[in-house]
>>> print(open('model.cif').read())   # mmCIF, C-alpha atoms
data_entry
loop_
_atom_site.group_PDB
_atom_site.id
_atom_site.type_symbol
_atom_site.label_atom_id
_atom_site.label_comp_id
_atom_site.auth_asym_id
_atom_site.auth_seq_id
_atom_site.Cartn_x
_atom_site.Cartn_y
_atom_site.Cartn_z
ATOM 1 C CA MET A 1 -50.261 17.362 -2.476
ATOM 2 C CA THR A 2 -52.038 18.905 0.511
ATOM 3 C CA ALA A 3 -55.607 18.600 1.677
ATOM 4 C CA ALA A 4 -56.274 22.101 0.389
ATOM 5 C CA SER A 5 -55.516 21.066 -3.177
ATOM 6 C CA CYS A 6 -58.325 18.538 -3.529
ATOM 7 C CA TYR A 7 -59.519 17.188 -6.833
ATOM 8 C CA SER A 8 -62.508 18.961 -8.352
ATOM 9 C CA PRO A 9 -64.540 16.916 -10.847
ATOM 10 C CA SER A 10 -65.423 20.081 -12.752
ATOM 11 C CA ILE A 11 -61.790 20.757 -13.706
ATOM 12 C CA LYS A 12 -60.055 18.732 -16.407
ATOM 13 C CA GLU A 13 -56.561 20.070 -16.735
ATOM 14 C CA SER A 14 -54.601 16.908 -17.499
ATOM 15 C CA ALA A 15 -54.753 13.186 -18.186
ATOM 16 C CA CYS A 16 -54.337 12.624 -14.454
ATOM 17 C CA ASP A 17 -57.653 14.393 -13.793
ATOM 18 C CA LEU A 18 -59.382 12.181 -16.355
ATOM 19 C CA VAL A 19 -57.968 9.068 -14.693
ATOM 20 C CA ALA A 20 -59.153 10.361 -11.321
ATOM 21 C CA GLU A 21 -62.681 10.828 -12.680
ATOM 22 C CA GLU A 22 -62.723 7.294 -14.032
ATOM 23 C CA SER A 23 -61.387 5.968 -10.743
ATOM 24 C CA VAL A 24 -63.940 7.651 -8.503
ATOM 25 C CA ALA A 25 -66.747 6.407 -10.740
ATOM 26 C CA LEU A 26 -65.345 2.886 -10.428
ATOM 27 C CA PHE A 27 -65.215 3.146 -6.621
ATOM 28 C CA ALA A 28 -68.888 4.126 -6.479
ATOM 29 C CA LYS A 29 -69.874 1.368 -8.893
ATOM 30 C CA LEU A 30 -67.969 -1.335 -7.014
ATOM 31 C CA ALA A 31 -69.406 -0.228 -3.664
ATOM 32 C CA THR A 32 -72.939 -0.413 -5.060
ATOM 33 C CA GLN A 33 -72.289 -3.815 -6.601
ATOM 34 C CA ALA A 34 -70.790 -5.070 -3.336
ATOM 35 C CA LEU A 35 -74.025 -4.210 -1.517
ATOM 36 C CA ILE A 36 -76.080 -5.989 -4.164
ATOM 37 C CA ALA A 37 -73.781 -9.031 -4.151
ATOM 38 C CA GLU A 38 -74.077 -9.216 -0.365
ATOM 39 C CA VAL A 39 -77.873 -9.173 -0.249
ATOM 40 C CA ASP A 40 -78.196 -11.550 -3.214
ATOM 41 C CA LEU A 41 -75.940 -14.171 -1.596
ATOM 42 C CA THR A 42 -78.107 -17.135 -0.556
ATOM 43 C CA PRO A 43 -78.662 -18.779 1.910
ATOM 44 C CA LYS A 44 -77.535 -16.368 4.649
ATOM 45 C CA PRO A 45 -78.574 -17.020 8.276
ATOM 46 C CA GLY A 46 -81.099 -14.481 9.554
ATOM 47 C CA LEU A 47 -80.525 -12.074 6.662
ATOM 48 C CA VAL A 48 -82.456 -10.892 3.628
ATOM 49 C CA ASP A 49 -81.643 -12.985 0.564
ATOM 50 C CA ARG A 50 -83.401 -14.584 -2.407
ATOM 51 C CA ARG A 51 -85.429 -16.812 -0.063
ATOM 52 C CA GLY A 52 -87.087 -13.965 1.818
ATOM 53 C CA SER A 53 -86.740 -11.227 4.408
ATOM 54 C CA GLY A 54 -84.919 -13.171 7.114
ATOM 55 C CA ALA A 55 -85.451 -11.545 10.521
ATOM 56 C CA HIS A 56 -86.603 -8.281 8.885
ATOM 57 C CA SER A 57 -90.344 -7.895 8.428
ATOM 58 C CA ASP A 58 -89.936 -4.583 6.564
ATOM 59 C CA LEU A 59 -87.250 -5.627 4.065
ATOM 60 C CA SER A 60 -86.941 -7.637 0.873
ATOM 61 C CA LEU A 61 -84.354 -8.343 -1.804
ATOM 62 C CA GLU A 62 -85.970 -5.743 -4.052
ATOM 63 C CA ILE A 63 -85.945 -3.052 -1.359
ATOM 64 C CA MET A 64 -82.306 -3.765 -0.479
ATOM 65 C CA CYS A 65 -81.223 -3.563 -4.110
ATOM 66 C CA ARG A 66 -83.220 -0.370 -4.631
ATOM 67 C CA SER A 67 -81.503 1.104 -1.588
ATOM 68 C CA ALA A 68 -78.049 0.150 -2.896
ATOM 69 C CA ILE A 69 -78.692 1.793 -6.256
ATOM 70 C CA THR A 70 -80.041 4.896 -4.510
ATOM 71 C CA LEU A 71 -76.750 5.230 -2.628
ATOM 72 C CA LYS A 72 -74.558 5.119 -5.739
ATOM 73 C CA PRO A 73 -74.579 8.903 -6.433
ATOM 74 C CA TYR A 74 -73.623 9.567 -2.812
ATOM 75 C CA PHE A 75 -70.778 7.065 -2.950
ATOM 76 C CA LEU A 76 -69.591 8.990 -6.007
ATOM 77 C CA LYS A 77 -69.791 12.287 -4.094
ATOM 78 C CA MET A 78 -67.729 10.779 -1.270
ATOM 79 C CA ALA A 79 -65.101 9.601 -3.733
ATOM 80 C CA GLN A 80 -65.003 12.958 -5.525
ATOM 81 C CA ALA A 81 -64.766 14.874 -2.245
ATOM 82 C CA SER A 82 -61.794 12.778 -1.097
ATOM 83 C CA ALA A 83 -59.721 12.419 -4.275
ATOM 84 C CA ASN A 84 -56.098 13.479 -3.773
ATOM 85 C CA CYS A 85 -56.796 14.641 -0.210
ATOM 86 C CA VAL A 86 -55.485 13.517 3.154
ATOM 87 C CA PRO A 87 -57.501 12.577 6.262
ATOM 88 C CA SER A 88 -58.499 15.642 8.242
ATOM 89 C CA LYS A 89 -61.235 16.871 10.557
ATOM 90 C CA LEU A 90 -62.544 19.163 7.812
ATOM 91 C CA LYS A 91 -62.713 16.285 5.341
ATOM 92 C CA CYS A 92 -64.544 14.125 7.877
ATOM 93 C CA GLU A 93 -67.142 16.851 8.345
ATOM 94 C CA GLN A 94 -67.683 16.940 4.591
ATOM 95 C CA LEU A 95 -68.027 13.157 4.404
ATOM 96 C CA ARG A 96 -70.431 13.198 7.332
ATOM 97 C CA ARG A 97 -72.674 15.697 5.545
ATOM 98 C CA ILE A 98 -72.733 13.551 2.409
ATOM 99 C CA GLY A 99 -73.460 10.499 4.529
ATOM 100 C CA ARG A 100 -76.433 12.182 6.168
ATOM 101 C CA LEU A 101 -77.853 13.112 2.781
ATOM 102 C CA ALA A 102 -77.324 9.515 1.642
ATOM 103 C CA GLU A 103 -79.167 8.235 4.697
ATOM 104 C CA GLN A 104 -82.109 10.572 4.068
ATOM 105 C CA GLU A 105 -82.332 9.428 0.442
ATOM 106 C CA MET A 106 -82.110 5.802 1.551
ATOM 107 C CA LEU A 107 -85.009 6.229 3.980
ATOM 108 C CA PHE A 108 -87.085 7.976 1.324
ATOM 109 C CA ALA A 109 -86.416 5.212 -1.226
ATOM 110 C CA THR A 110 -87.307 2.451 1.247
ATOM 111 C CA ASN A 111 -90.315 4.124 2.900
ATOM 112 C CA GLY A 112 -88.418 4.515 6.150
ATOM 113 C CA SER A 113 -86.632 1.161 6.361
ATOM 114 C CA ASN A 114 -83.031 1.217 7.572
ATOM 115 C CA THR A 115 -81.450 -0.899 4.871
ATOM 116 C CA HIS A 116 -77.867 0.373 4.709
ATOM 117 C CA LYS A 117 -77.138 2.861 7.482
ATOM 118 C CA GLY A 118 -74.140 0.880 8.685
ATOM 119 C CA ALA A 119 -72.935 0.285 5.140
ATOM 120 C CA ILE A 120 -72.981 4.020 4.404
ATOM 121 C CA TRP A 121 -70.480 4.460 7.234
ATOM 122 C CA THR A 122 -68.314 1.460 6.388
ATOM 123 C CA LEU A 123 -68.233 1.742 2.604
ATOM 124 C CA GLY A 124 -68.146 5.530 2.763
ATOM 125 C CA LEU A 125 -64.884 5.402 4.697
ATOM 126 C CA LEU A 126 -63.385 2.806 2.365
ATOM 127 C CA ILE A 127 -64.436 4.743 -0.746
ATOM 128 C CA ALA A 128 -62.903 7.918 0.666
ATOM 129 C CA ALA A 129 -59.721 6.005 1.492
ATOM 130 C CA CYS A 130 -59.504 4.632 -2.035
ATOM 131 C CA SER A 131 -59.753 8.153 -3.434
ATOM 132 C CA MET A 132 -57.172 9.472 -1.009
ATOM 133 C CA ASN A 133 -54.757 6.685 -1.905
ATOM 134 C CA GLY A 134 -55.316 7.345 -5.618
ATOM 135 C CA SER A 135 -53.596 4.884 -7.917
ATOM 136 C CA ALA A 136 -50.518 4.643 -5.688
ATOM 137 C CA ASN A 137 -51.716 1.853 -3.438
ATOM 138 C CA ARG A 138 -55.040 0.087 -3.798
ATOM 139 C CA LYS A 139 -54.055 -2.958 -1.791
ATOM 140 C CA ALA A 140 -56.780 -3.854 0.666
ATOM 141 C CA PHE A 141 -54.625 -3.422 3.771
ATOM 142 C CA ALA A 142 -53.455 0.029 2.632
ATOM 143 C CA VAL A 143 -56.994 1.213 1.888
ATOM 144 C CA ALA A 144 -58.207 -0.109 5.256
ATOM 145 C CA ALA A 145 -55.343 1.644 7.037
ATOM 146 C CA THR A 146 -56.220 4.956 5.396
ATOM 147 C CA ALA A 147 -59.887 4.437 6.264
ATOM 148 C CA GLY A 148 -58.851 3.826 9.863
ATOM 149 C CA GLY A 149 -56.982 7.113 9.828
ATOM 150 C CA ILE A 150 -60.097 8.910 8.607
ATOM 151 C CA ALA A 151 -62.276 7.226 11.241
ATOM 152 C CA LEU A 152 -59.977 8.398 14.036
ATOM 153 C CA PHE A 153 -61.161 11.944 13.391
ATOM 154 C CA TYR A 154 -64.620 10.830 14.538
ATOM 155 C CA GLN A 155 -63.535 10.833 18.177
ATOM 156 C CA ASN A 156 -65.817 13.633 19.341
ATOM 157 C CA GLU A 157 -68.726 11.871 21.043
ATOM 158 C CA ALA A 158 -70.946 14.957 20.777
ATOM 159 C CA ALA A 159 -70.625 14.882 16.993
ATOM 160 C CA MET A 160 -71.759 11.272 16.719
ATOM 161 C CA PRO A 161 -75.486 10.454 16.504
ATOM 162 C CA VAL A 162 -76.965 8.175 19.171
ATOM 163 C CA THR A 163 -77.745 5.107 17.083
ATOM 164 C CA HIS A 164 -78.754 1.587 18.087
ATOM 165 C CA GLY A 165 -75.174 0.530 17.412
ATOM 166 C CA TYR A 166 -73.814 3.252 19.662
ATOM 167 C CA MET A 167 -76.172 2.304 22.498
ATOM 168 C CA VAL A 168 -75.160 -1.344 22.222
ATOM 169 C CA GLN A 169 -71.504 -0.368 22.082
ATOM 170 C CA GLN A 170 -71.849 1.474 25.389
ATOM 171 C CA LYS A 171 -74.015 -1.188 27.072
ATOM 172 C CA PHE A 172 -71.890 -4.216 26.176
ATOM 173 C CA ALA A 173 -68.467 -2.508 25.892
ATOM 174 C CA VAL A 174 -67.863 -3.709 22.336
ATOM 175 C CA PRO A 175 -66.051 -1.799 19.553
ATOM 176 C CA GLY A 176 -69.037 -1.554 17.230
ATOM 177 C CA ALA A 177 -68.859 -0.220 13.683
ATOM 178 C CA ARG A 178 -66.908 2.846 14.770
ATOM 179 C CA GLY A 179 -64.305 0.805 16.636
ATOM 180 C CA GLU A 180 -63.990 -1.629 13.732
ATOM 181 C CA ALA A 181 -63.241 1.284 11.405
ATOM 182 C CA GLN A 182 -60.848 3.019 13.790
ATOM 183 C CA GLN A 183 -58.912 -0.252 14.083
ATOM 184 C CA SER A 184 -58.630 -0.380 10.262
ATOM 185 C CA PHE A 185 -61.240 -3.110 9.801
ATOM 186 C CA PRO A 186 -59.568 -6.140 11.407
ATOM 187 C CA HIS A 187 -62.516 -8.423 10.625
ATOM 188 C CA VAL A 188 -62.206 -7.569 6.947
ATOM 189 C CA ILE A 189 -58.418 -7.663 6.610
ATOM 190 C CA GLY A 190 -57.686 -10.421 9.123
ATOM 191 C CA VAL A 191 -60.776 -12.618 8.833
ATOM 192 C CA GLY A 192 -62.999 -12.001 5.807
ATOM 193 C CA LEU A 193 -60.467 -11.547 3.025
ATOM 194 C CA PRO A 194 -58.203 -14.456 4.080
ATOM 195 C CA THR A 195 -61.217 -16.793 4.208
ATOM 196 C CA LEU A 196 -62.506 -15.608 0.839
ATOM 197 C CA CYS A 197 -59.112 -16.068 -0.815
ATOM 198 C CA ARG A 198 -58.455 -19.430 0.841
ATOM 199 C CA ARG A 199 -61.788 -20.905 -0.159
ATOM 200 C CA ARG A 200 -61.326 -19.750 -3.745
ATOM 201 C CA ALA A 201 -57.849 -21.296 -3.789
ATOM 202 C CA GLU A 202 -59.366 -24.554 -2.542
ATOM 203 C CA GLY A 203 -61.671 -24.572 -5.562
ATOM 204 C CA ALA A 204 -64.925 -23.556 -3.859
ATOM 205 C CA ASP A 205 -67.678 -21.973 -5.923
ATOM 206 C CA GLU A 206 -67.803 -18.203 -5.516
ATOM 207 C CA SER A 207 -71.086 -18.313 -3.601
ATOM 208 C CA ILE A 208 -69.645 -20.888 -1.189
ATOM 209 C CA ALA A 209 -66.478 -18.828 -0.721
ATOM 210 C CA ARG A 210 -68.605 -15.781 0.109
ATOM 211 C CA LEU A 211 -70.871 -17.695 2.506
ATOM 212 C CA ASP A 212 -67.866 -19.066 4.375
ATOM 213 C CA CYS A 213 -66.423 -15.556 4.402
ATOM 214 C CA LEU A 214 -69.602 -14.279 6.066
ATOM 215 C CA LEU A 215 -69.592 -17.136 8.564
ATOM 216 C CA SER A 216 -65.957 -16.507 9.468
ATOM 217 C CA ILE A 217 -66.797 -12.886 10.254
ATOM 218 C CA MET A 218 -69.885 -13.908 12.238
ATOM 219 C CA SER A 219 -67.879 -16.409 14.280
ATOM 220 C CA ASP A 220 -65.630 -13.687 15.689
ATOM 221 C CA LEU A 221 -67.469 -10.354 15.461
ATOM 222 C CA ASP A 222 -69.326 -8.801 18.388
ATOM 223 C CA ASP A 223 -72.151 -7.921 16.017
ATOM 224 C CA THR A 224 -74.074 -4.959 17.432
ATOM 225 C CA CYS A 225 -77.123 -5.750 15.286
ATOM 226 C CA ILE A 226 -77.425 -9.120 17.011
ATOM 227 C CA LEU A 227 -76.652 -7.671 20.436
ATOM 228 C CA TYR A 228 -79.361 -5.026 20.019
ATOM 229 C CA ARG A 229 -82.060 -7.606 19.300
ATOM 230 C CA GLY A 230 -80.849 -10.699 21.115
ATOM 231 C CA GLY A 231 -78.324 -9.588 23.703
ATOM 232 C CA LYS A 232 -75.443 -11.819 24.715
ATOM 233 C CA ARG A 233 -77.514 -14.962 24.199
ATOM 234 C CA GLY A 234 -78.195 -14.051 20.585
ATOM 235 C CA LEU A 235 -74.544 -13.228 19.981
ATOM 236 C CA SER A 236 -73.459 -16.551 21.454
ATOM 237 C CA VAL A 237 -75.913 -18.443 19.233
ATOM 238 C CA ALA A 238 -74.571 -16.660 16.160
ATOM 239 C CA GLN A 239 -70.890 -17.091 16.977
ATOM 240 C CA VAL A 240 -71.148 -20.724 18.112
ATOM 241 C CA GLY A 241 -73.408 -21.620 15.194
ATOM 242 C CA ALA A 242 -71.160 -19.997 12.582
ATOM 243 C CA THR A 243 -68.115 -21.689 14.088
ATOM 244 C CA ALA A 244 -69.922 -25.051 13.929
ATOM 245 C CA VAL A 245 -70.687 -24.616 10.215
ATOM 246 C CA LEU A 246 -67.048 -23.842 9.453
ATOM 247 C CA ALA A 247 -65.825 -26.723 11.599
ATOM 248 C CA ALA A 248 -68.074 -29.056 9.588
ATOM 249 C CA GLY A 249 -66.314 -28.039 6.392
ATOM 250 C CA GLY A 250 -68.259 -24.892 5.583
ATOM 251 C CA ALA A 251 -71.302 -24.279 3.412
ATOM 252 C CA ALA A 252 -70.132 -26.738 0.738
ATOM 253 C CA THR A 253 -70.500 -29.891 2.841
ATOM 254 C CA THR A 254 -73.663 -31.783 3.713
ATOM 255 C CA SER A 255 -72.975 -31.427 7.422
ATOM 256 C CA GLY A 256 -72.102 -27.749 7.026
ATOM 257 C CA ARG A 257 -75.318 -27.018 5.137
ATOM 258 C CA ARG A 258 -77.343 -28.823 7.791
ATOM 259 C CA LYS A 259 -75.723 -26.748 10.531
ATOM 260 C CA LEU A 260 -76.236 -23.589 8.458
ATOM 261 C CA ARG A 261 -79.968 -24.313 8.210
ATOM 262 C CA ALA A 262 -80.079 -24.891 11.966
ATOM 263 C CA LEU A 263 -78.298 -21.597 12.606
ATOM 264 C CA ASP A 264 -80.735 -19.780 10.332
ATOM 265 C CA GLN A 265 -83.700 -21.245 12.228
ATOM 266 C CA GLN A 266 -82.174 -20.300 15.590
ATOM 267 C CA LEU A 267 -81.559 -16.702 14.541
ATOM 268 C CA LEU A 268 -85.052 -16.370 13.105
ATOM 269 C CA ALA A 269 -86.542 -17.727 16.341
ATOM 270 C CA LEU A 270 -84.589 -15.085 18.250
ATOM 271 C CA ASN A 271 -85.488 -12.397 15.682
ATOM 272 C CA CYS A 272 -81.764 -11.740 15.242
ATOM 273 C CA SER A 273 -79.989 -10.616 12.108
ATOM 274 C CA PRO A 274 -76.185 -10.383 11.743
ATOM 275 C CA GLY A 275 -76.390 -7.042 9.966
ATOM 276 C CA GLY A 276 -72.969 -5.890 11.133
ATOM 277 C CA SER A 277 -71.389 -9.014 9.686
ATOM 278 C CA ALA A 278 -73.270 -8.453 6.430
ATOM 279 C CA ASP A 279 -71.859 -4.915 6.200
ATOM 280 C CA LEU A 280 -68.351 -6.278 6.671
ATOM 281 C CA LEU A 281 -68.962 -8.930 4.010
ATOM 282 C CA ALA A 282 -69.871 -6.115 1.617
ATOM 283 C CA ALA A 283 -66.706 -4.290 2.686
ATOM 284 C CA THR A 284 -64.681 -7.443 2.055
ATOM 285 C CA LEU A 285 -66.147 -7.854 -1.427
ATOM 286 C CA PHE A 286 -65.505 -4.177 -2.139
ATOM 287 C CA LEU A 287 -61.828 -4.305 -1.149
ATOM 288 C CA ASP A 288 -61.358 -7.569 -3.013
ATOM 289 C CA ALA A 289 -62.830 -5.891 -6.101
ATOM 290 C CA ILE A 290 -60.682 -2.776 -5.660
ATOM 291 C CA GLU A 291 -57.557 -4.907 -6.035
ATOM 292 C CA SER A 292 -58.875 -6.587 -9.195
ATOM 293 C CA GLY A 293 -60.807 -3.637 -10.634
ATOM 294 C CA GLN A 294 -64.048 -5.599 -10.972
ATOM 295 C CA LEU A 295 -66.619 -7.515 -8.965
ATOM 296 C CA ASN A 296 -68.341 -10.631 -10.192
ATOM 297 C CA ILE A 297 -71.903 -10.088 -9.038
ATOM 298 C CA GLU A 298 -74.376 -12.929 -9.166
ATOM 299 C CA CYS A 299 -77.770 -11.308 -8.837
ATOM 300 C CA SER A 300 -81.058 -10.565 -10.522
ATOM 301 C CA LYS A 301 -80.599 -9.308 -14.090
ATOM 302 C CA VAL A 302 -82.379 -6.027 -13.400
ATOM 303 C CA TYR A 303 -79.572 -5.009 -11.059
ATOM 304 C CA LYS A 304 -76.557 -6.222 -13.004
ATOM 305 C CA GLU A 305 -75.773 -2.774 -14.417
ATOM 306 C CA ALA A 306 -75.793 -1.020 -11.056
#
>>> encode(input="model.cif", output="structure tokens")
Amino acid sequence: MTAASCYSPSIKESACDLVAEESVALFAKLATQALIAEVDLTPKPGLVDRRGSGAHSDLSLEIMCRSAITLKPYFLKMAQASANCVPSKLKCEQLRRIGRLAEQEMLFATNGSNTHKGAIWTLGLLIAACSMNGSANRKAFAVAATAGGIALFYQNEAAMPVTHGYMVQQKFAVPGARGEAQQSFPHVIGVGLPTLCRRRAEGADESIARLDCLLSIMSDLDDTCILYRGGKRGLSVAQVGATAVLAAGGAATTSGRRKLRALDQQLLALNCSPGGSADLLAATLFLDAIESGQLNIECSKVYKEA
């Protein structure tokens, strides 16, 4: 099937179309739930969670969850636009337009707060990749590879907005969110998912497995959110601190929890938030859920049906 013969949600000609409709709805639902599961995870260093706003004076758990739910229809549009297609420049332009609309709706819903700009990019690519892969291959590495192929069409610098992440990417010569995507999400496939699966296999509670997953990403990622606020010093504090928690046995141990609290205090003092790592945690949870077809979200009851 060629890119010209894309799936249209208004046409129901066969059982395959019905399956495709159900699939794209599932992709949007899992992406939304992944965002909610990420923000609800507690305690996260420097980030919004059930304790408070972290290093963000304009954010809260309620605002983040409202933002995630607001994005759900746009995630669905991305999935519908990509179903049974192949990566192409034309398809990227279409996804970019949907992403811009999603960002505008996000800002309206949050009174101007940038809750999920990076997540729109990251999850948008992964949702599109899931739809392009169809039911043939929903393994995390295959979806990430397809997403990387889509991201490679975003090579034209003039077409990319000048964001904080882009400025940091140029200043510090780091890959940033765009580079992470174009490399097929190495910190999700090679760091986050292996940690999540290993900690579950070791018998850790799901919240502990997810916290250690986040910390493993933080320990290695050149997080542009941290670099923008805290420069190289802030990044070093985050990476060294996250590594120390993991070396102490992770968030499940007494020593690990003590080091996690210390890391949180350090990041708050520096006004630094590992937002890039949080986006990749959400991406990790999304791809993990894609393989199983469901995501166990542990969050406030009002958001459980997102």
>>> closest_residue(input="model.cif", among="A:Ala128, A:Leu76, A:Ala68, A:Ala248", to="Glu105 in chain A", atoms="only C-alpha atoms")
A:Ala68
>>> resolve_selection(input="model.cif", expression="the PyMOL selection byres ((chain A and resi 267) around 10)", output="number ranges by chain")
A: 45-47, 54-55, 226, 230, 234-235, 237-238, 241, 262-266, 268-274
>>> axis_aligned_box(input="model.cif", around="range 206-224 of chain A", padding_each_side="3 Å", output="lines of an AutoDock Vina configuration file")
center_x = -69.9
center_y = -12.9
center_z = 6.4
size_x = 14.4
size_y = 21.9
size_z = 29.9
>>> residues_near_point(input="model.cif", point="(-72.8, -27.8, 10.4)", cutoff="12 Å", atoms="all atoms listed in the file", output="ChimeraX atom specification")
/A:212,215,240-264
>>> closest_residue(input="model.cif", among="A:His187, A:His116, A:Arg199, A:Arg138", to="Leu71 in chain A", atoms="all atoms listed in the file")
A:His116
>>> closest_residue(input="model.cif", among="A:Arg178, A:Lys91, A:Arg200, A:Arg210", to="Met132 in chain A", atoms="all atoms listed in the file")
A:Lys91
>>> decode(input="model.cif", residues="range 198-247 of chain A", atoms="C-alpha atoms", output="tab-separated table (two decimals), in the first residue's frame")
chain	number	residue	atom	x	y	z
A	198	ARG	CA	14.28	-5.43	34.62
A	199	ARG	CA	12.86	-3.80	37.72
A	200	ARG	CA	9.50	-5.47	37.16
A	201	ALA	CA	11.24	-8.83	36.74
A	202	GLU	CA	13.05	-8.22	40.03
A	203	GLY	CA	9.68	-7.84	41.75
A	204	ALA	CA	9.65	-4.06	42.21
A	205	ASP	CA	6.33	-2.28	42.63
A	206	GLU	CA	5.18	-0.60	39.43
A	207	SER	CA	5.75	2.90	40.82
A	208	ILE	CA	9.31	1.96	41.83
A	209	ALA	CA	9.99	0.42	38.42
A	210	ARG	CA	8.80	3.64	36.76
A	211	LEU	CA	10.83	5.89	39.07
A	212	ASP	CA	13.98	3.89	38.38
A	213	CYS	CA	13.14	4.05	34.69
A	214	LEU	CA	12.99	7.85	34.90
A	215	LEU	CA	16.24	7.99	36.85
A	216	SER	CA	18.01	5.76	34.33
A	217	ILE	CA	17.00	8.14	31.55
A	218	MET	CA	18.05	11.18	33.60
A	219	SER	CA	21.44	9.64	34.34
A	220	ASP	CA	22.36	9.53	30.65
A	221	LEU	CA	20.26	12.11	28.79
A	222	ASP	CA	21.54	15.57	27.88
A	223	ASP	CA	18.21	17.00	28.98
A	224	THR	CA	17.62	20.30	27.18
A	225	CYS	CA	15.05	21.40	29.77
A	226	ILE	CA	17.73	21.23	32.46
A	227	LEU	CA	20.37	22.80	30.22
A	228	TYR	CA	18.07	25.73	29.42
A	229	ARG	CA	17.54	26.58	33.09
A	230	GLY	CA	20.70	25.35	34.76
A	231	GLY	CA	23.35	24.99	32.08
A	232	LYS	CA	26.06	22.36	32.34
A	233	ARG	CA	26.12	22.61	36.13
A	234	GLY	CA	22.44	21.75	36.36
A	235	LEU	CA	22.84	18.86	33.95
A	236	SER	CA	25.76	17.48	35.94
A	237	VAL	CA	23.75	17.66	39.18
A	238	ALA	CA	20.88	15.78	37.56
A	239	GLN	CA	23.00	13.08	35.93
A	240	VAL	CA	25.29	12.49	38.92
A	241	GLY	CA	22.37	12.56	41.35
A	242	ALA	CA	20.26	10.11	39.33
A	243	THR	CA	23.24	7.79	38.95
A	244	ALA	CA	23.79	7.91	42.73
A	245	VAL	CA	20.18	6.90	43.43
A	246	LEU	CA	20.46	3.92	41.09
A	247	ALA	CA	23.83	2.92	42.52
